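K.L.:
Enclosed is the structure file structure39.txt (compact mmCIF, C-alpha atoms and all ligand atoms).
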```txt
# COMPACT_ATOMS: atom_id res chain seq x y z
CA MET A 1 -26.07 38.56 107.61
CA SER A 2 -25.40 35.40 105.69
CA THR A 3 -23.35 32.28 106.07
CA PRO A 4 -21.02 32.42 103.09
CA LYS A 5 -17.75 30.57 102.87
CA THR A 6 -15.72 32.82 100.59
CA ILE A 7 -15.86 36.07 98.68
CA ASP A 8 -17.14 34.05 95.71
CA ASP A 9 -20.42 33.07 97.37
CA ILE A 10 -21.01 35.99 99.73
CA ASN A 11 -24.50 37.45 99.22
CA LEU A 12 -24.83 40.66 97.21
CA LEU A 13 -27.81 42.30 98.90
CA GLY A 14 -26.79 45.96 99.18
CA GLY A 15 -28.45 47.08 95.96
CA HIS A 16 -25.37 49.15 95.11
CA VAL A 17 -21.71 48.32 94.60
CA ALA A 18 -20.58 50.71 97.39
CA LEU A 19 -22.88 48.97 99.89
CA ASP A 20 -21.89 45.51 98.68
CA LEU A 21 -18.27 46.47 99.38
CA VAL A 22 -19.22 47.43 102.96
CA ASN A 23 -20.95 44.04 103.23
CA THR A 24 -17.76 42.08 102.55
CA VAL A 25 -17.44 41.97 106.36
CA ASP A 26 -19.91 39.33 107.50
CA SER A 27 -20.91 40.84 110.85
CA ARG A 28 -20.62 44.34 112.17
CA GLY A 29 -22.38 43.92 115.49
CA ASP A 30 -20.94 42.80 118.83
CA LYS A 31 -18.56 40.60 116.95
CA TRP A 32 -16.77 41.93 113.86
CA GLY A 33 -16.00 39.68 110.91
CA PRO A 34 -15.04 37.50 109.33
CA ASP A 35 -13.63 39.74 106.64
CA TYR A 36 -13.99 38.12 103.22
CA LEU A 37 -11.38 40.35 101.59
CA VAL A 38 -8.28 38.44 102.62
CA SER A 39 -6.09 38.97 99.56
CA TYR A 40 -5.98 41.14 96.44
CA PRO A 41 -7.30 38.25 94.31
CA ASP A 42 -10.38 38.22 96.62
CA LEU A 43 -10.89 41.89 95.79
CA ALA A 44 -10.47 41.19 92.07
CA ASP A 45 -12.90 38.22 92.23
CA TRP A 46 -15.47 40.37 94.01
CA ALA A 47 -14.98 43.23 91.51
CA LEU A 48 -15.66 40.80 88.66
CA ARG A 49 -18.83 39.54 90.38
CA VAL A 50 -20.19 43.07 90.75
CA ASP A 51 -19.18 44.05 87.17
CA LEU A 52 -16.61 46.65 88.17
CA ILE A 53 -14.09 44.91 85.93
CA ASP A 54 -14.45 42.54 83.01
CA ARG A 55 -12.91 39.10 82.55
CA SER A 56 -9.83 40.28 80.68
CA GLU A 57 -9.18 43.02 83.27
CA HIS A 58 -9.62 40.40 86.01
CA ALA A 59 -7.03 38.15 84.39
CA SER A 60 -4.50 40.95 83.91
CA LEU A 61 -4.97 42.29 87.47
CA LEU A 62 -4.37 38.82 88.92
CA LYS A 63 -1.20 38.58 86.87
CA GLU A 64 -0.10 42.01 88.08
CA ALA A 65 -0.81 41.06 91.70
CA GLN A 66 1.22 37.90 91.34
CA ALA A 67 4.16 39.86 89.94
CA GLY A 68 3.96 42.53 92.64
CA PRO A 69 2.59 41.08 95.87
CA ALA A 70 3.68 44.06 98.01
CA ALA A 71 1.86 46.53 95.73
CA ALA A 72 -1.16 44.20 95.70
CA ASP A 73 -1.25 44.26 99.52
CA VAL A 74 -1.18 48.07 99.49
CA GLU A 75 -4.13 48.11 97.08
CA LEU A 76 -6.07 45.66 99.22
CA GLU A 77 -5.52 47.91 102.25
CA ASN A 78 -6.64 50.97 100.25
CA ALA A 79 -9.83 49.19 99.25
CA LYS A 80 -10.46 48.21 102.88
CA LYS A 81 -9.83 51.77 104.04
CA LEU A 82 -12.39 52.99 101.51
CA ARG A 83 -14.76 50.25 102.69
CA GLU A 84 -14.64 51.42 106.31
CA ILE A 85 -15.09 55.05 105.20
CA LEU A 86 -18.15 54.07 103.14
CA HIS A 87 -19.48 52.16 106.14
CA ARG A 88 -19.23 55.30 108.29
CA ILE A 89 -20.70 57.58 105.61
CA PHE A 90 -23.67 55.42 104.54
CA GLY A 91 -24.16 53.84 107.96
CA GLY A 92 -24.82 57.34 109.28
CA GLU A 93 -27.51 58.10 106.72
CA GLU A 94 -30.36 56.59 108.73
CA ARG A 95 -29.75 59.02 111.58
CA ASP A 96 -28.93 61.95 109.26
CA ALA A 97 -25.34 62.09 110.52
CA ALA A 98 -23.16 64.41 108.44
CA PRO A 99 -20.10 62.55 107.08
CA LEU A 100 -16.71 63.37 108.56
CA GLU A 101 -14.70 65.81 106.47
CA ALA A 102 -11.66 63.49 106.56
CA ASP A 103 -13.81 60.68 105.09
CA LEU A 104 -15.12 62.96 102.34
CA ASP A 105 -11.56 64.10 101.61
CA PHE A 106 -10.40 60.50 101.15
CA LEU A 107 -13.37 59.80 98.88
CA SER A 108 -12.79 63.03 96.91
CA SER A 109 -9.16 62.15 96.34
CA ALA A 110 -9.99 58.61 95.16
CA CYS A 111 -12.64 60.07 92.82
CA ALA A 112 -10.18 62.58 91.37
CA GLN A 113 -7.68 59.82 90.67
CA GLY A 114 -10.45 57.63 89.25
CA ALA A 115 -11.71 60.43 86.98
CA ALA A 116 -8.19 60.77 85.57
CA ARG A 117 -8.47 57.13 84.51
CA GLN A 118 -11.60 57.76 82.42
CA LYS A 119 -12.24 59.21 78.98
CA LEU A 120 -15.39 60.26 77.16
CA ARG A 121 -15.95 58.16 74.06
CA ALA A 122 -18.71 57.98 71.45
CA LYS A 123 -20.58 54.69 71.64
CA GLU A 124 -23.84 53.35 70.24
CA GLY A 125 -25.17 56.75 69.21
CA GLY A 126 -24.25 58.41 72.51
CA VAL A 127 -21.23 59.36 74.58
CA ILE A 128 -20.16 57.45 77.66
CA TRP A 129 -17.34 57.41 80.21
CA THR A 130 -14.92 54.62 79.40
CA HIS A 131 -11.93 53.28 81.34
CA VAL A 132 -8.43 54.08 80.11
CA PRO A 133 -6.67 50.77 79.38
CA PRO A 134 -4.80 48.87 80.59
CA ALA A 135 -6.48 48.38 83.98
CA SER A 136 -4.16 48.86 86.93
CA MET A 137 -4.50 47.44 90.43
CA THR A 138 -5.59 50.85 91.77
CA ASP A 139 -8.59 50.95 89.45
CA ILE A 140 -10.94 48.83 91.54
CA THR A 141 -10.83 51.26 94.46
CA PHE A 142 -11.13 54.25 92.14
CA ARG A 143 -14.16 52.80 90.36
CA ILE A 144 -15.89 52.03 93.66
CA ALA A 145 -15.16 55.57 94.84
CA LEU A 146 -16.71 57.16 91.74
CA SER A 147 -19.80 54.99 92.06
CA ALA A 148 -20.07 55.68 95.82
CA ALA A 149 -19.84 59.44 95.24
CA GLU A 150 -22.71 59.23 92.75
CA LEU A 151 -24.81 57.42 95.34
CA LEU A 152 -23.83 59.93 98.00
CA THR A 153 -24.71 63.01 95.94
CA SER A 154 -28.04 61.61 94.73
CA ARG A 155 -29.61 61.40 98.19
CA GLN A 156 -32.63 63.53 97.22
CA GLN A 157 -33.40 61.42 94.13
CA ARG A 158 -33.08 57.94 95.56
CA ARG A 159 -34.32 55.58 98.25
CA PRO A 160 -32.59 55.64 101.67
CA VAL A 161 -29.72 53.43 102.80
CA ARG A 162 -30.67 51.34 105.82
CA ILE A 163 -28.82 49.17 108.33
CA CYS A 164 -30.01 45.58 108.78
CA HIS A 165 -31.78 45.04 112.12
CA GLY A 166 -30.69 41.39 112.25
CA ARG A 167 -28.75 40.46 115.36
CA ASN A 168 -25.03 40.95 114.88
CA CYS A 169 -25.42 41.80 111.18
CA GLY A 170 -25.10 45.51 110.40
CA TRP A 171 -25.13 45.11 106.63
CA LEU A 172 -26.17 48.14 104.60
CA PHE A 173 -28.73 48.11 101.81
CA LEU A 174 -30.70 50.47 99.59
CA ASP A 175 -34.29 50.19 100.71
CA LEU A 176 -36.05 49.49 97.41
CA SER A 177 -39.06 47.86 99.09
CA ARG A 178 -42.51 49.05 98.06
CA GLY A 179 -43.39 50.42 101.48
CA GLY A 180 -39.92 51.75 102.20
CA HIS A 181 -39.72 50.00 105.58
CA ARG A 182 -37.38 47.09 104.87
CA ARG A 183 -35.67 46.02 108.10
CA TRP A 184 -33.39 43.19 107.03
CA CYS A 185 -30.61 42.67 104.50
CA SER A 186 -32.42 39.45 103.64
CA ASP A 187 -35.78 38.16 104.71
CA LYS A 188 -34.48 34.60 104.34
CA THR A 189 -31.54 35.01 106.76
CA CYS A 190 -31.77 37.90 109.23
CA GLY A 191 -35.56 38.31 108.86
CA SER A 192 -36.35 34.69 109.50
CA ALA A 193 -33.81 34.39 112.37
CA THR A 194 -35.44 37.39 114.08
CA ARG A 195 -38.92 35.91 113.67
CA VAL A 196 -37.77 32.57 115.14
CA ARG A 197 -36.24 34.34 118.17
CA LYS A 198 -39.39 36.38 118.69
CA PHE A 199 -41.58 33.27 118.41
CA ARG A 200 -39.47 31.47 121.04
CA ALA A 201 -39.42 34.52 123.32
CA ASP A 202 -43.22 34.85 123.03
CA ARG A 203 -43.69 31.18 123.96
CA VAL A 204 -41.42 31.51 127.01
CA GLY A 205 -43.05 34.79 128.00
ZN ZN B 1 -28.75 41.25 107.99
```
Can the structure in the file be given as structure tokens, please?

P.N.:
Amino acid sequence: MSTPKTIDDINLLGGHVALDLVNTVDSRGDKWGPDYLVSYPDLADWALRVDLIDRSEHASLLKEAQAGPAAADVELENAKKLREILHRIFGGEERDAAPLEADLDFLSSACAQGAARQKLRAKEGGVIWTHVPPASMTDITFRIALSAAELLTSRQQRRPVRICHGRNCGWLFLDLSRGGHRRWCSDKTCGSATRVRKFRADRVG
């Protein structure tokens, strides 16, 4: 958990874009929120921060959102729906919970639509997936979905996703720590708050 003010200064601690999307809700414990994705421009700003889109795509998406506010709202809701699905899927990893089929169906469909927006192109001596221009407002959700599916299907080759133990936090992160026993999204915030509470409790006890 952190104490950010807006989507522009929220901490990016998940270690993966799919987990950072989940962490755009500040607290997922007894209290839920605040939600830092309030408008489509918030989503576009966040997508720029995590390198899902580039500056020129960001500018054109903001223009598109301004011209079509109703469509922008629909896209924001789609992104939030994907966010809650990713929270359920990756939040269940620690206890080996199998994802719900309906959640996997939503993710599959977003991936299929996202794949249709990509093309293989030769670049720098190799071949890479590139995005079909121009970017459309749907692309942010599609790109997150493709990246999330890669994370999901690489479970045997990567470190585990964990849930922060901080009180009222619930953020998700890839545990890249050396020992593989990281407990907090951030040692500076949730880790230190937990240590202070324990210190006080020990003194009282
Ligand atoms: Zn935390």

K.L.:
Write out as a PyMOL selection string each polymer residue (protein, DNA or RNA) that has an atom no more than 10 Å from ligand ZN 1 (chain B), with all atoms listed in the file counted.

P.N.:
chain A and resi 1-2+13+23+26-28+163-173+183-191+193-194

K.L.:
What's the separation between atom CA of Gly33 of chain A and atom CA of Thr6 of chain A, in Å to one decimal place?

P.N.:
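Separation of atom CA of Gly33 of chain A and atom CA of Thr6 of chain A: 12.4 Å.
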
K.L.:
Which polymer residues, protein or nucleic acid, are no farther than 10 Å from (-9.0, 38.7, 93.3), counting only C-alpha atoms, as a PDB file with C-alpha atoms, in the frame of the given file?

P.N.:
```
ATOM      1  CA  ILE A   7     -15.860  36.070  98.680  1.00  0.00           C
ATOM      2  CA  ASP A   8     -17.140  34.050  95.710  1.00  0.00           C
ATOM      3  CA  LEU A  37     -11.380  40.350 101.590  1.00  0.00           C
ATOM      4  CA  VAL A  38      -8.280  38.440 102.620  1.00  0.00           C
ATOM      5  CA  SER A  39      -6.090  38.970  99.560  1.00  0.00           C
ATOM      6  CA  TYR A  40      -5.980  41.140  96.440  1.00  0.00           C
ATOM      7  CA  PRO A  41      -7.300  38.250  94.310  1.00  0.00           C
ATOM      8  CA  ASP A  42     -10.380  38.220  96.620  1.00  0.00           C
ATOM      9  CA  LEU A  43     -10.890  41.890  95.790  1.00  0.00           C
ATOM     10  CA  ALA A  44     -10.470  41.190  92.070  1.00  0.00           C
ATOM     11  CA  ASP A  45     -12.900  38.220  92.230  1.00  0.00           C
ATOM     12  CA  TRP A  46     -15.470  40.370  94.010  1.00  0.00           C
ATOM     13  CA  ALA A  47     -14.980  43.230  91.510  1.00  0.00           C
ATOM     14  CA  LEU A  48     -15.660  40.800  88.660  1.00  0.00           C
ATOM     15  CA  HIS A  58      -9.620  40.400  86.010  1.00  0.00           C
ATOM     16  CA  ALA A  59      -7.030  38.150  84.390  1.00  0.00           C
ATOM     17  CA  LEU A  61      -4.970  42.290  87.470  1.00  0.00           C
ATOM     18  CA  LEU A  62      -4.370  38.820  88.920  1.00  0.00           C
ATOM     19  CA  ALA A  65      -0.810  41.060  91.700  1.00  0.00           C
ATOM     20  CA  ALA A  72      -1.160  44.200  95.700  1.00  0.00           C
ATOM     21  CA  LEU A  76      -6.070  45.660  99.220  1.00  0.00           C
TER      22      LEU A  76
END
```

K.L.:
Within 12 Å of Ala115 of chain A, counting only C-alpha atoms, which residues show up once you throw out same-chain ones fewer than 6 positions away? Write them as a CSV table (one decimal) with C-alpha atoms, in the frame of the given file, please.

P.N.:
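Wrote part_23.csv, looks like this:
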```
chain,number,residue,atom,x,y,z
A,108,SER,CA,-12.8,63.0,96.9
A,109,SER,CA,-9.2,62.2,96.3
A,129,TRP,CA,-17.3,57.4,80.2
A,130,THR,CA,-14.9,54.6,79.4
A,131,HIS,CA,-11.9,53.3,81.3
A,132,VAL,CA,-8.4,54.1,80.1
A,139,ASP,CA,-8.6,51.0,89.4
A,141,THR,CA,-10.8,51.3,94.5
A,142,PHE,CA,-11.1,54.2,92.1
A,143,ARG,CA,-14.2,52.8,90.4
A,144,ILE,CA,-15.9,52.0,93.7
A,145,ALA,CA,-15.2,55.6,94.8
A,146,LEU,CA,-16.7,57.2,91.7
A,147,SER,CA,-19.8,55.0,92.1
A,149,ALA,CA,-19.8,59.4,95.2
```

K.L.:
Would you list the contacts of Gly14 of chain A as a PyMOL selection string, taking every protein, DNA or RNA residue within 7 Å and counting only C-alpha atoms, but skipping same-chain residues closer than 2 positions in sequence?

P.N.:
chain A and resi 12+16+19-20+172-174

K.L.:
Between A:Asp30, A:Ser136, A:Ser154, A:Gly114, which has the minimum distance to Glu75 of chain A (counting all atoms listed in the file)?

P.N.:
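Of all the options, A:Ser136 lies closest to Glu75 of chain A.
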
K.L.:
What's the separation between atom CA of Leu86 of chain A and atom CA of Leu104 of chain A, in Å to one decimal place?

P.N.:
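Result for atom CA of Leu86 of chain A versus atom CA of Leu104 of chain A: 9.4 Å, one decimal.
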
K.L.:
What does the distance between atom CA of Lys119 of chain A and atom CA of Asp51 of chain A come to in Å, to one decimal place?

P.N.:
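These atoms are spaced 18.6 Å apart.
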